[in-house]
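Beneath this line is the structure, given in structure tokens, with notes to follow.
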Amino acid sequence: MADAALRLNSLFEQLLGTPVPVRIRAWDGSEAGPPDAPTLVVRNRRALRRLLWKPGELGMARAWVAGDLDIEGDLYAGLDRLSALVWERGDDARTLTQALRDPEVRSAVRGLVKLGGLPLPPAPPPEEVRRSRAHLHTKRTDKRAISHHYDVGNSFYEIVLGPSMVYSCAYWDSPDGTLEDAQRDKLELICQKLELTPGQRLLDVGCGWGSMAIHAAREYGVSVVGVTLSQEQAAYARKRVAEEGLTDKVEIRVQDYRDVTDGPYDAISSVGMAEHVGSERYLEYARDLFALLRPGGRLLNHQIARRPWQDESAYDIDEFIDAYVFPDGELAPIGTTVTQLESAGFEVRDVEAIREHYALTLRRWVANLEAEWRRAVGIVGAGRARVWRLYMAASALGFERNRIGVNQVLAVRTPDSGDSGVPLRTRTWN
């Protein structure tokens, strides 16, 4: 009799101490759980072994990337319901040890082991990054981490990002607008905050595929140096610059920001790059950018932020993101970022929180990926495509639920005279 789903539903409820909020379909075709809920598809017994050997987020992620688990129905609703059981419960070893003292929990684990078959640990999917964390954020390890994330084929990013080729939070006038318009508006917003004028020099740190550099040069007449650690990004950006006829205005370098020595610049844009810097290196990053600016020059730092922890020493990097998406990436609270920038000598003049804008952006990226799923899989493989679908959808929920945010920080290298050059009112409220 096909009853694996009913047994799974019962064992999960026994293990978690709460009803399972999704419907379950098991490898034998059986189903159990709320009839109108999104369906968690458990394609094989290996999925159980992954969860048993690595309870919590990483085990779930491994099963998802390998294709052992999937969600049918509303992806966002399914992830939202599961987040309370996985991402928000955590998998702290001490918590698990305490839980296993409960006879009900031990009984449920034994049942899952029996249902899952021979309890050998499955190998992690090949998309998982496995390395020592002994030497983080050296130039060598940063280059390797950036390559893992970005050097997967520009054609894949064309699918996800669309024609704008901007890989950061867009700036929406309306949820019904187009992604291309919202990304153009974001680039325009940054240029306006930096108050760019013809003849100025702009350094674009982490320039991606060149969109910011091209917009600033074409629309504001500035000379731009864009730096990236990705060979594929640089080649793509240089081609775009040439097609725009801007080779006299834009230079794209494969270069670490720590190796830029040709300042001073009038302005610096750092968009979606500082998340790669790491907490131990952040003050160094801020000081390097400060040194590259002329007195009165401006920095626009666009960066994802996490919520602060009561005990910051307990913070650890997200396992799924670290293993599959952004190796060595770290998030900091916005207060920490502002403090570090000011410790480096900057005067922070404006902070704009735009987290809802990133949720809208990510949902559009997911829709782009799903619309071209077969082509995306043909480019990067099914495992990496599943990584991106899970990462972007879960991140959208994170921004919507205020678990993470994103901020634009405008900072000035204010001269000794105290004249920041910033107007009395930097923006108006509608």
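Ordered as shown in the structure tokens, chains take letters A, B, and onward, while each chain numbers its residues from 1 and ligands are numbered from 1 in the order shown.
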If we count only C-alpha atoms, what is near Leu11 in chain A at a cut-off of 7 Å, once residues fewer than 2 positions away on the same chain are taken out, given as a short mmCIF file (atom, residue, chain, number, x, y, z; two decimals) with N, CA and C atoms, in the first residue's frame?
data_model
loop_
_atom_site.label_atom_id
_atom_site.label_comp_id
_atom_site.auth_asym_id
_atom_site.auth_seq_id
_atom_site.Cartn_x
_atom_site.Cartn_y
_atom_site.Cartn_z
N ARG A 7 2.91 8.42 6.44
CA ARG A 7 3.91 8.13 7.47
C ARG A 7 4.84 9.32 7.68
N LEU A 8 5.25 9.95 6.58
CA LEU A 8 6.11 11.12 6.70
C LEU A 8 5.41 12.24 7.46
N ASN A 9 4.16 12.49 7.10
CA ASN A 9 3.41 13.56 7.76
C ASN A 9 3.30 13.30 9.25
N GLU A 13 5.25 15.55 12.18
CA GLU A 13 4.47 16.19 13.24
C GLU A 13 4.98 15.75 14.61
N GLN A 14 5.31 14.48 14.72
CA GLN A 14 5.84 13.96 15.98
C GLN A 14 7.20 14.59 16.28
N LEU A 15 8.02 14.76 15.27
CA LEU A 15 9.35 15.33 15.45
C LEU A 15 9.30 16.81 15.77
N ALA A 108 10.45 9.54 16.59
CA ALA A 108 10.23 10.05 15.24
C ALA A 108 11.49 9.90 14.40
N GLY A 111 11.84 6.41 13.29
CA GLY A 111 10.91 6.13 12.21
C GLY A 111 11.38 6.67 10.87
N LEU A 112 11.97 7.86 10.88
CA LEU A 112 12.49 8.44 9.64
C LEU A 112 13.69 7.66 9.13
#
Can you tell me which residues surround Gly29 in chain A at a distance of at most 12 Å, considering only C-alpha atoms, apart from same-chain residues fewer than 3 positions away, and format the answer as an mmCIF file with N, CA, C and O atoms, in the first residue's frame?
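Result went into out.cif, see below:
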data_model
loop_
_atom_site.group_PDB
_atom_site.id
_atom_site.type_symbol
_atom_site.label_atom_id
_atom_site.label_comp_id
_atom_site.auth_asym_id
_atom_site.auth_seq_id
_atom_site.Cartn_x
_atom_site.Cartn_y
_atom_site.Cartn_z
ATOM 1 N N MET A 1 0.844 -1.195 0.000
ATOM 2 C CA MET A 1 0.000 0.000 0.000
ATOM 3 C C MET A 1 0.882 1.249 0.000
ATOM 4 O O MET A 1 1.865 1.318 0.726
ATOM 5 N N ALA A 2 0.523 2.223 -0.853
ATOM 6 C CA ALA A 2 1.291 3.467 -0.937
ATOM 7 C C ALA A 2 0.887 4.379 0.215
ATOM 8 O O ALA A 2 -0.182 4.987 0.193
ATOM 9 N N ASP A 3 1.740 4.442 1.225
ATOM 10 C CA ASP A 3 1.399 5.259 2.395
ATOM 11 C C ASP A 3 2.591 6.059 2.920
ATOM 12 O O ASP A 3 2.587 6.525 4.053
ATOM 13 N N ALA A 4 3.632 6.228 2.108
ATOM 14 C CA ALA A 4 4.832 6.913 2.580
ATOM 15 C C ALA A 4 4.527 8.341 3.013
ATOM 16 O O ALA A 4 5.065 8.833 4.012
ATOM 17 N N ALA A 5 3.669 9.050 2.273
ATOM 18 C CA ALA A 5 3.358 10.439 2.613
ATOM 19 C C ALA A 5 2.651 10.530 3.961
ATOM 20 O O ALA A 5 2.950 11.422 4.769
ATOM 21 N N LEU A 6 1.730 9.607 4.218
ATOM 22 C CA LEU A 6 1.027 9.615 5.503
ATOM 23 C C LEU A 6 1.998 9.348 6.644
ATOM 24 O O LEU A 6 1.932 9.999 7.704
ATOM 25 N N ILE A 24 2.215 16.873 1.553
ATOM 26 C CA ILE A 24 3.381 16.065 1.206
ATOM 27 C C ILE A 24 2.989 15.045 0.141
ATOM 28 O O ILE A 24 1.963 14.360 0.258
ATOM 29 N N ARG A 25 3.815 14.977 -0.913
ATOM 30 C CA ARG A 25 3.691 13.899 -1.889
ATOM 31 C C ARG A 25 4.984 13.111 -1.861
ATOM 32 O O ARG A 25 6.071 13.681 -2.041
ATOM 33 N N ALA A 26 4.889 11.815 -1.641
ATOM 34 C CA ALA A 26 6.071 10.968 -1.493
ATOM 35 C C ALA A 26 6.410 10.260 -2.800
ATOM 36 O O ALA A 26 5.679 10.325 -3.794
ATOM 37 N N ALA A 32 -0.465 13.404 1.571
ATOM 38 C CA ALA A 32 -1.078 13.619 2.887
ATOM 39 C C ALA A 32 -0.877 15.073 3.272
ATOM 40 O O ALA A 32 0.082 15.718 2.828
ATOM 41 N N VAL A 41 7.190 18.020 -2.479
ATOM 42 C CA VAL A 41 7.389 16.762 -3.205
ATOM 43 C C VAL A 41 8.688 16.124 -2.720
ATOM 44 O O VAL A 41 9.771 16.688 -2.889
ATOM 45 N N VAL A 42 8.569 14.941 -2.096
ATOM 46 C CA VAL A 42 9.733 14.182 -1.635
ATOM 47 C C VAL A 42 9.964 13.089 -2.678
ATOM 48 O O VAL A 42 9.276 12.072 -2.675
ATOM 49 N N ARG A 43 10.912 13.311 -3.560
ATOM 50 C CA ARG A 43 11.029 12.459 -4.743
ATOM 51 C C ARG A 43 11.656 11.107 -4.452
ATOM 52 O O ARG A 43 11.469 10.161 -5.221
ATOM 53 N N ASN A 44 12.440 11.005 -3.387
ATOM 54 C CA ASN A 44 13.090 9.731 -3.094
ATOM 55 C C ASN A 44 13.487 9.672 -1.616
ATOM 56 O O ASN A 44 13.420 10.676 -0.898
#
Legend entry - Residues near Trp365 in chain A, cut-off 8 Å, only C-alpha atoms, skip fewer than 4 positions along chain, as an NGL selection string: :A and (160-161 or 361 or 369 or 392)
Those residues with N, CA and C atoms, as a PDB file, in the first residue's frame please?
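Result written to part-v8.pdb:
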ATOM      1  N   VAL A 160      18.195  35.871 -16.264  1.00  0.00           N
ATOM      2  CA  VAL A 160      17.695  36.262 -14.946  1.00  0.00           C
ATOM      3  C   VAL A 160      17.486  37.769 -14.849  1.00  0.00           C
ATOM      4  N   LEU A 161      18.479  38.544 -15.268  1.00  0.00           N
ATOM      5  CA  LEU A 161      18.460  39.990 -15.039  1.00  0.00           C
ATOM      6  C   LEU A 161      17.704  40.756 -16.104  1.00  0.00           C
ATOM      7  N   THR A 361      12.143  43.297  -6.970  1.00  0.00           N
ATOM      8  CA  THR A 361      13.188  42.950  -7.931  1.00  0.00           C
ATOM      9  C   THR A 361      13.396  41.445  -8.002  1.00  0.00           C
ATOM     10  N   LEU A 369      13.606  33.670 -14.642  1.00  0.00           N
ATOM     11  CA  LEU A 369      14.233  32.350 -14.636  1.00  0.00           C
ATOM     12  C   LEU A 369      13.215  31.265 -14.960  1.00  0.00           C
ATOM     13  N   MET A 392      16.709  33.136  -4.717  1.00  0.00           N
ATOM     14  CA  MET A 392      16.012  34.388  -5.010  1.00  0.00           C
ATOM     15  C   MET A 392      14.610  34.416  -4.406  1.00  0.00           C
TER      16      MET A 392
END
Legend entry - strand (DSSP E or B) per DSSP on the backbone: members of range 128-265 of chain A, as a PyMOL selection string: chain A and resi 201-205+223-228+250-254+265
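Pairwise distance (CA of Ala305 in chain A, CA of Ile268 in chain A) equals 19.8 Å.
Across the model, the gap from CA of Val65 in chain A to CA of Gly206 in chain A is 27.8 Å.
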Inset, instruction - Show which residues sit within 8 Å of Asp350 in chain A, as a PyMOL selection string. Count only C-alpha atoms, and ignore same-chain residues fewer than 6 positions away. - result: chain A and resi 408-411+426
Writing out the chosen residues with N, CA, C and O atoms as a PDB file, in the first residue's frame:
ATOM      1  N   GLN A 408      20.814  52.469   0.840  1.00  0.00           N
ATOM      2  CA  GLN A 408      21.752  53.328   0.142  1.00  0.00           C
ATOM      3  C   GLN A 408      22.265  54.358   1.137  1.00  0.00           C
ATOM      4  O   GLN A 408      21.492  55.131   1.696  1.00  0.00           O
ATOM      5  N   VAL A 409      23.572  54.339   1.355  1.00  0.00           N
ATOM      6  CA  VAL A 409      24.215  55.267   2.289  1.00  0.00           C
ATOM      7  C   VAL A 409      25.034  56.267   1.484  1.00  0.00           C
ATOM      8  O   VAL A 409      25.938  55.877   0.739  1.00  0.00           O
ATOM      9  N   LEU A 410      24.701  57.551   1.625  1.00  0.00           N
ATOM     10  CA  LEU A 410      25.465  58.613   0.983  1.00  0.00           C
ATOM     11  C   LEU A 410      26.432  59.190   2.013  1.00  0.00           C
ATOM     12  O   LEU A 410      26.011  59.678   3.067  1.00  0.00           O
ATOM     13  N   ALA A 411      27.719  59.092   1.714  1.00  0.00           N
ATOM     14  CA  ALA A 411      28.754  59.574   2.632  1.00  0.00           C
ATOM     15  C   ALA A 411      29.689  60.523   1.890  1.00  0.00           C
ATOM     16  O   ALA A 411      29.890  60.397   0.682  1.00  0.00           O
ATOM     17  N   THR A 426      18.165  67.218   1.084  1.00  0.00           N
ATOM     18  CA  THR A 426      18.664  66.293   0.068  1.00  0.00           C
ATOM     19  C   THR A 426      17.537  65.601  -0.696  1.00  0.00           C
ATOM     20  O   THR A 426      17.732  65.146  -1.822  1.00  0.00           O
TER      21      THR A 426
END
Legend entry - Residue contacts of Leu246 in chain A (12 Å, only C-alpha atoms) excluding same-chain residues fewer than 2 positions away, as a ChimeraX atom specification: /A:210,213-219,221-225,237-244,248-252
Export N, CA, C and O atoms of the chosen residues as a short mmCIF file (atom, residue, chain, number, x, y, z; two decimals), in the first residue's frame?
data_model
loop_
_atom_site.label_atom_id
_atom_site.label_comp_id
_atom_site.auth_asym_id
_atom_site.auth_seq_id
_atom_site.Cartn_x
_atom_site.Cartn_y
_atom_site.Cartn_z
N GLY A 210 28.76 46.44 -16.24
CA GLY A 210 29.04 47.76 -16.78
C GLY A 210 27.87 48.72 -16.85
O GLY A 210 28.02 49.84 -17.36
N ALA A 213 28.47 52.15 -14.97
CA ALA A 213 29.52 52.91 -15.65
C ALA A 213 29.00 53.51 -16.95
O ALA A 213 29.25 54.69 -17.26
N ILE A 214 28.27 52.73 -17.73
CA ILE A 214 27.74 53.20 -19.01
C ILE A 214 26.72 54.31 -18.79
O ILE A 214 26.75 55.35 -19.47
N HIS A 215 25.82 54.13 -17.82
CA HIS A 215 24.79 55.15 -17.57
C HIS A 215 25.44 56.47 -17.13
O HIS A 215 25.07 57.55 -17.63
N ALA A 216 26.40 56.39 -16.22
CA ALA A 216 27.03 57.61 -15.71
C ALA A 216 27.79 58.34 -16.82
O ALA A 216 27.75 59.57 -16.92
N ALA A 217 28.51 57.60 -17.65
CA ALA A 217 29.28 58.22 -18.72
C ALA A 217 28.37 58.80 -19.80
O ALA A 217 28.60 59.93 -20.28
N ARG A 218 27.36 58.05 -20.17
CA ARG A 218 26.47 58.49 -21.27
C ARG A 218 25.58 59.65 -20.85
O ARG A 218 25.40 60.62 -21.60
N GLU A 219 25.00 59.58 -19.64
CA GLU A 219 24.02 60.57 -19.22
C GLU A 219 24.63 61.77 -18.50
O GLU A 219 24.02 62.84 -18.47
N GLY A 221 28.32 62.51 -18.58
CA GLY A 221 29.57 62.97 -19.14
C GLY A 221 30.78 62.80 -18.25
O GLY A 221 31.77 63.52 -18.41
N VAL A 222 30.73 61.84 -17.33
CA VAL A 222 31.87 61.62 -16.44
C VAL A 222 32.78 60.55 -17.03
O VAL A 222 32.37 59.75 -17.88
N SER A 223 34.02 60.54 -16.57
CA SER A 223 34.96 59.47 -16.91
C SER A 223 34.88 58.41 -15.81
O SER A 223 34.94 58.76 -14.63
N VAL A 224 34.76 57.16 -16.20
CA VAL A 224 34.49 56.10 -15.23
C VAL A 224 35.56 55.02 -15.30
O VAL A 224 35.94 54.58 -16.39
N VAL A 225 36.03 54.59 -14.13
CA VAL A 225 36.82 53.37 -13.99
C VAL A 225 35.96 52.37 -13.24
O VAL A 225 35.52 52.63 -12.12
N ALA A 237 31.27 43.64 -20.10
CA ALA A 237 31.16 45.09 -19.90
C ALA A 237 31.94 45.85 -20.97
O ALA A 237 31.46 46.86 -21.51
N ARG A 238 33.14 45.38 -21.28
CA ARG A 238 33.95 46.06 -22.30
C ARG A 238 33.27 46.04 -23.66
O ARG A 238 33.32 47.03 -24.41
N LYS A 239 32.64 44.93 -23.99
CA LYS A 239 31.91 44.83 -25.25
C LYS A 239 30.77 45.84 -25.28
O LYS A 239 30.55 46.53 -26.29
N ARG A 240 30.02 45.95 -24.19
CA ARG A 240 28.92 46.91 -24.12
C ARG A 240 29.42 48.35 -24.23
O ARG A 240 28.81 49.18 -24.90
N VAL A 241 30.53 48.63 -23.55
CA VAL A 241 31.10 49.98 -23.60
C VAL A 241 31.46 50.34 -25.04
O VAL A 241 31.18 51.45 -25.53
N ALA A 242 32.08 49.39 -25.75
CA ALA A 242 32.46 49.63 -27.14
C ALA A 242 31.23 49.86 -28.01
O ALA A 242 31.21 50.75 -28.87
N GLU A 243 30.19 49.06 -27.81
CA GLU A 243 28.96 49.20 -28.60
C GLU A 243 28.29 50.54 -28.35
O GLU A 243 27.62 51.09 -29.25
N GLU A 244 28.46 51.10 -27.15
CA GLU A 244 27.89 52.41 -26.82
C GLU A 244 28.78 53.56 -27.30
O GLU A 244 28.40 54.73 -27.18
N ASP A 248 36.27 56.01 -24.79
CA ASP A 248 37.08 57.15 -24.33
C ASP A 248 36.65 57.64 -22.96
O ASP A 248 37.34 58.45 -22.33
N LYS A 249 35.50 57.14 -22.49
CA LYS A 249 34.95 57.58 -21.20
C LYS A 249 34.98 56.50 -20.13
O LYS A 249 34.97 56.81 -18.93
N VAL A 250 34.98 55.23 -20.51
CA VAL A 250 34.84 54.13 -19.55
C VAL A 250 35.99 53.14 -19.71
O VAL A 250 36.26 52.65 -20.81
N GLU A 251 36.62 52.85 -18.59
CA GLU A 251 37.66 51.81 -18.54
C GLU A 251 37.20 50.72 -17.57
O GLU A 251 36.86 51.01 -16.42
N ILE A 252 37.17 49.49 -18.04
CA ILE A 252 36.80 48.35 -17.20
C ILE A 252 38.06 47.55 -16.89
O ILE A 252 38.77 47.11 -17.79
#
Legend entry - Interatomic distance (Å, one decimal) between CA of Pro415 in chain A and CA of Leu293 in chain A: 11.0 Å
Fewer than 2 positions away in the same chain doesn't count, so skip those; otherwise give me all residues within 12 Å of range 179-186 of chain A, counting only C-alpha atoms, as a tab-separated table (two decimals) with N, CA, C and O atoms, in the first residue's frame.
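Listed below is the output, part.tsv:
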chain	number	residue	atom	x	y	z
A	160	VAL	N	18.19	35.87	-16.26
A	160	VAL	CA	17.69	36.26	-14.95
A	160	VAL	C	17.49	37.77	-14.85
A	160	VAL	O	16.44	38.25	-14.39
A	161	LEU	N	18.48	38.54	-15.27
A	161	LEU	CA	18.46	39.99	-15.04
A	161	LEU	C	17.70	40.76	-16.10
A	161	LEU	O	17.27	41.89	-15.85
A	162	GLY	N	17.56	40.19	-17.28
A	162	GLY	CA	16.91	40.91	-18.35
A	162	GLY	C	17.85	41.89	-19.02
A	162	GLY	O	19.06	41.94	-18.73
A	163	PRO	N	17.34	42.72	-19.92
A	163	PRO	CA	18.19	43.60	-20.74
A	163	PRO	C	19.03	44.59	-19.94
A	163	PRO	O	20.10	45.02	-20.42
A	164	SER	N	18.60	44.97	-18.74
A	164	SER	CA	19.36	45.97	-17.97
A	164	SER	C	20.70	45.43	-17.50
A	164	SER	O	21.65	46.19	-17.31
A	165	MET	N	20.80	44.13	-17.28
A	165	MET	CA	22.02	43.49	-16.77
A	165	MET	C	22.52	44.19	-15.50
A	165	MET	O	23.72	44.42	-15.33
A	166	VAL	N	21.60	44.52	-14.63
A	166	VAL	CA	21.93	45.12	-13.34
A	166	VAL	C	21.59	44.11	-12.26
A	166	VAL	O	20.44	43.71	-12.12
A	167	TYR	N	22.59	43.73	-11.47
A	167	TYR	CA	22.41	42.69	-10.46
A	167	TYR	C	22.43	43.32	-9.07
A	167	TYR	O	23.34	43.11	-8.28
A	168	SER	N	21.43	44.12	-8.81
A	168	SER	CA	21.24	44.73	-7.49
A	168	SER	C	19.81	45.24	-7.44
A	168	SER	O	19.10	45.26	-8.45
A	169	CYS	N	19.39	45.68	-6.28
A	169	CYS	CA	18.01	46.10	-6.06
A	169	CYS	C	17.62	47.24	-6.99
A	169	CYS	O	18.29	48.27	-7.04
A	170	ALA	N	16.52	47.09	-7.70
A	170	ALA	CA	15.99	48.16	-8.54
A	170	ALA	C	15.23	49.17	-7.68
A	170	ALA	O	15.05	48.97	-6.47
A	171	TYR	N	14.80	50.26	-8.30
A	171	TYR	CA	14.12	51.34	-7.58
A	171	TYR	C	12.79	51.57	-8.27
A	171	TYR	O	12.73	52.10	-9.37
A	172	TRP	N	11.71	51.15	-7.61
A	172	TRP	CA	10.40	51.05	-8.24
A	172	TRP	C	9.54	52.27	-7.94
A	172	TRP	O	9.42	52.70	-6.79
A	173	ASP	N	8.91	52.78	-9.00
A	173	ASP	CA	7.90	53.82	-8.83
A	173	ASP	C	6.55	53.18	-8.53
A	173	ASP	O	5.73	53.73	-7.80
A	174	SER	N	6.35	51.98	-9.07
A	174	SER	CA	5.11	51.24	-8.88
A	174	SER	C	5.40	49.75	-9.05
A	174	SER	O	6.24	49.38	-9.88
A	175	PRO	N	4.71	48.89	-8.28
A	175	PRO	CA	4.91	47.44	-8.47
A	175	PRO	C	4.55	46.96	-9.87
A	175	PRO	O	4.97	45.88	-10.28
A	176	ASP	N	3.76	47.77	-10.60
A	176	ASP	CA	3.33	47.37	-11.93
A	176	ASP	C	4.32	47.80	-13.02
A	176	ASP	O	4.10	47.52	-14.19
A	177	GLY	N	5.39	48.51	-12.63
A	177	GLY	CA	6.37	48.97	-13.61
A	177	GLY	C	7.20	47.84	-14.16
A	177	GLY	O	7.12	46.68	-13.73
A	188	GLU	N	19.91	56.09	-12.14
A	188	GLU	CA	19.72	57.55	-12.15
A	188	GLU	C	19.73	58.11	-10.74
A	188	GLU	O	20.33	59.18	-10.49
A	189	LEU	N	19.11	57.42	-9.81
A	189	LEU	CA	19.09	57.86	-8.42
A	189	LEU	C	20.51	57.95	-7.85
A	189	LEU	O	20.86	58.92	-7.16
A	190	ILE	N	21.32	56.95	-8.14
A	190	ILE	CA	22.70	56.95	-7.64
A	190	ILE	C	23.48	58.13	-8.22
A	190	ILE	O	24.20	58.84	-7.50
A	191	CYS	N	23.32	58.37	-9.53
A	191	CYS	CA	24.03	59.49	-10.15
A	191	CYS	C	23.60	60.82	-9.54
A	191	CYS	O	24.42	61.73	-9.32
A	192	GLN	N	22.32	60.94	-9.24
A	192	GLN	CA	21.82	62.18	-8.65
A	192	GLN	C	22.34	62.36	-7.23
A	192	GLN	O	22.71	63.47	-6.83
A	193	LYS	N	22.38	61.28	-6.46
A	193	LYS	CA	22.90	61.38	-5.10
A	193	LYS	C	24.38	61.75	-5.11
A	193	LYS	O	24.85	62.48	-4.23
A	211	SER	N	26.71	48.35	-16.33
A	211	SER	CA	25.52	49.19	-16.51
A	211	SER	C	25.65	50.55	-15.83
A	211	SER	O	25.29	51.59	-16.40
A	212	MET	N	26.16	50.57	-14.59
A	212	MET	CA	26.32	51.84	-13.87
A	212	MET	C	27.35	52.72	-14.58
A	212	MET	O	27.13	53.93	-14.77
A	214	ILE	N	28.27	52.73	-17.73
A	214	ILE	CA	27.74	53.20	-19.01
A	214	ILE	C	26.72	54.31	-18.79
A	214	ILE	O	26.75	55.35	-19.47
A	215	HIS	N	25.82	54.13	-17.82
A	215	HIS	CA	24.79	55.15	-17.57
A	215	HIS	C	25.44	56.47	-17.13
A	215	HIS	O	25.07	57.55	-17.63
A	216	ALA	N	26.40	56.39	-16.22
A	216	ALA	CA	27.03	57.61	-15.71
A	216	ALA	C	27.79	58.34	-16.82
A	216	ALA	O	27.75	59.57	-16.92
A	219	GLU	N	25.00	59.58	-19.64
A	219	GLU	CA	24.02	60.57	-19.22
A	219	GLU	C	24.63	61.77	-18.50
A	219	GLU	O	24.02	62.84	-18.47
A	271	VAL	N	27.95	49.32	-5.39
A	271	VAL	CA	26.57	48.84	-5.42
A	271	VAL	C	26.56	47.31	-5.36
A	271	VAL	O	27.01	46.64	-6.29
A	300	LEU	N	28.58	56.55	-2.65
A	300	LEU	CA	27.24	55.96	-2.54
A	300	LEU	C	27.44	54.46	-2.33
A	300	LEU	O	27.88	53.74	-3.23
A	302	HIS	N	25.69	51.04	-1.58
A	302	HIS	CA	24.39	50.36	-1.70
A	302	HIS	C	24.61	48.92	-1.21
A	302	HIS	O	25.34	48.16	-1.86
A	354	ILE	N	15.44	50.65	1.32
A	354	ILE	CA	14.62	50.31	0.15
A	354	ILE	C	14.34	48.81	0.08
A	354	ILE	O	14.29	48.23	-1.01
A	357	HIS	N	11.74	47.35	-2.25
A	357	HIS	CA	12.14	47.40	-3.65
A	357	HIS	C	12.90	46.13	-4.05
A	357	HIS	O	12.78	45.66	-5.19
A	358	TYR	N	13.68	45.57	-3.11
A	358	TYR	CA	14.42	44.35	-3.46
A	358	TYR	C	13.49	43.15	-3.56
A	358	TYR	O	13.70	42.25	-4.38
A	360	LEU	N	10.46	43.20	-4.72
A	360	LEU	CA	9.89	43.31	-6.07
A	360	LEU	C	10.89	42.88	-7.13
A	360	LEU	O	10.55	42.17	-8.09
A	361	THR	N	12.14	43.30	-6.97
A	361	THR	CA	13.19	42.95	-7.93
A	361	THR	C	13.40	41.44	-8.00
A	361	THR	O	13.46	40.85	-9.09
A	362	LEU	N	13.51	40.82	-6.84
A	362	LEU	CA	13.77	39.38	-6.80
A	362	LEU	C	12.62	38.58	-7.41
A	362	LEU	O	12.85	37.57	-8.10
A	363	ARG	N	11.40	39.00	-7.16
A	363	ARG	CA	10.26	38.29	-7.75
A	363	ARG	C	10.30	38.37	-9.28
A	363	ARG	O	9.93	37.41	-9.96
A	364	ARG	N	10.75	39.50	-9.82
A	364	ARG	CA	10.88	39.60	-11.27
A	364	ARG	C	11.99	38.69	-11.78
A	364	ARG	O	11.87	38.08	-12.84
A	365	TRP	N	13.10	38.62	-11.04
A	365	TRP	CA	14.18	37.74	-11.46
A	365	TRP	C	13.74	36.27	-11.45
A	365	TRP	O	14.09	35.51	-12.36
A	366	VAL	N	12.99	35.88	-10.43
A	366	VAL	CA	12.47	34.50	-10.37
A	366	VAL	C	11.56	34.24	-11.57
A	366	VAL	O	11.64	33.19	-12.22
A	367	ALA	N	10.69	35.20	-11.87
A	367	ALA	CA	9.78	35.04	-13.02
A	367	ALA	C	10.58	34.90	-14.32
A	367	ALA	O	10.23	34.08	-15.19
A	368	ASN	N	11.65	35.68	-14.46
A	368	ASN	CA	12.49	35.57	-15.66
A	368	ASN	C	13.10	34.18	-15.76
A	368	ASN	O	13.14	33.57	-16.85
A	408	GLN	N	20.81	52.47	0.84
A	408	GLN	CA	21.75	53.33	0.14
A	408	GLN	C	22.26	54.36	1.14
A	408	GLN	O	21.49	55.13	1.70
Inset, instruction - Might you pull out every residue within 10 Å of Ser420 in chain A, with only C-alpha atoms counted and same-chain residues fewer than 2 positions away left off, and present them as a count of residues only? - result: 16
Inset, instruction - Between A:Val152, A:Ala123, A:Leu331, A:Val325, single out the one closest to Val377 in chain A, counting only C-alpha atoms. - result: A:Val152
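For the set A:Glu356, A:Glu275, A:Glu195, A:Glu158, the residue with the smallest atom-to-atom gap to Glu400 in chain A is A:Glu356, counting only C-alpha atoms.
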Legend entry - Counting only C-alpha atoms, the option among A:Pro327, A:Pro333, A:Pro125, A:Gly272 closest to Tyr315 in chain A: A:Pro333
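With distances restricted to only C-alpha atoms, A:Arg253 is the closest residue to Glu232 in chain A from A:Arg401, A:Arg201, A:Arg253, A:Arg23.
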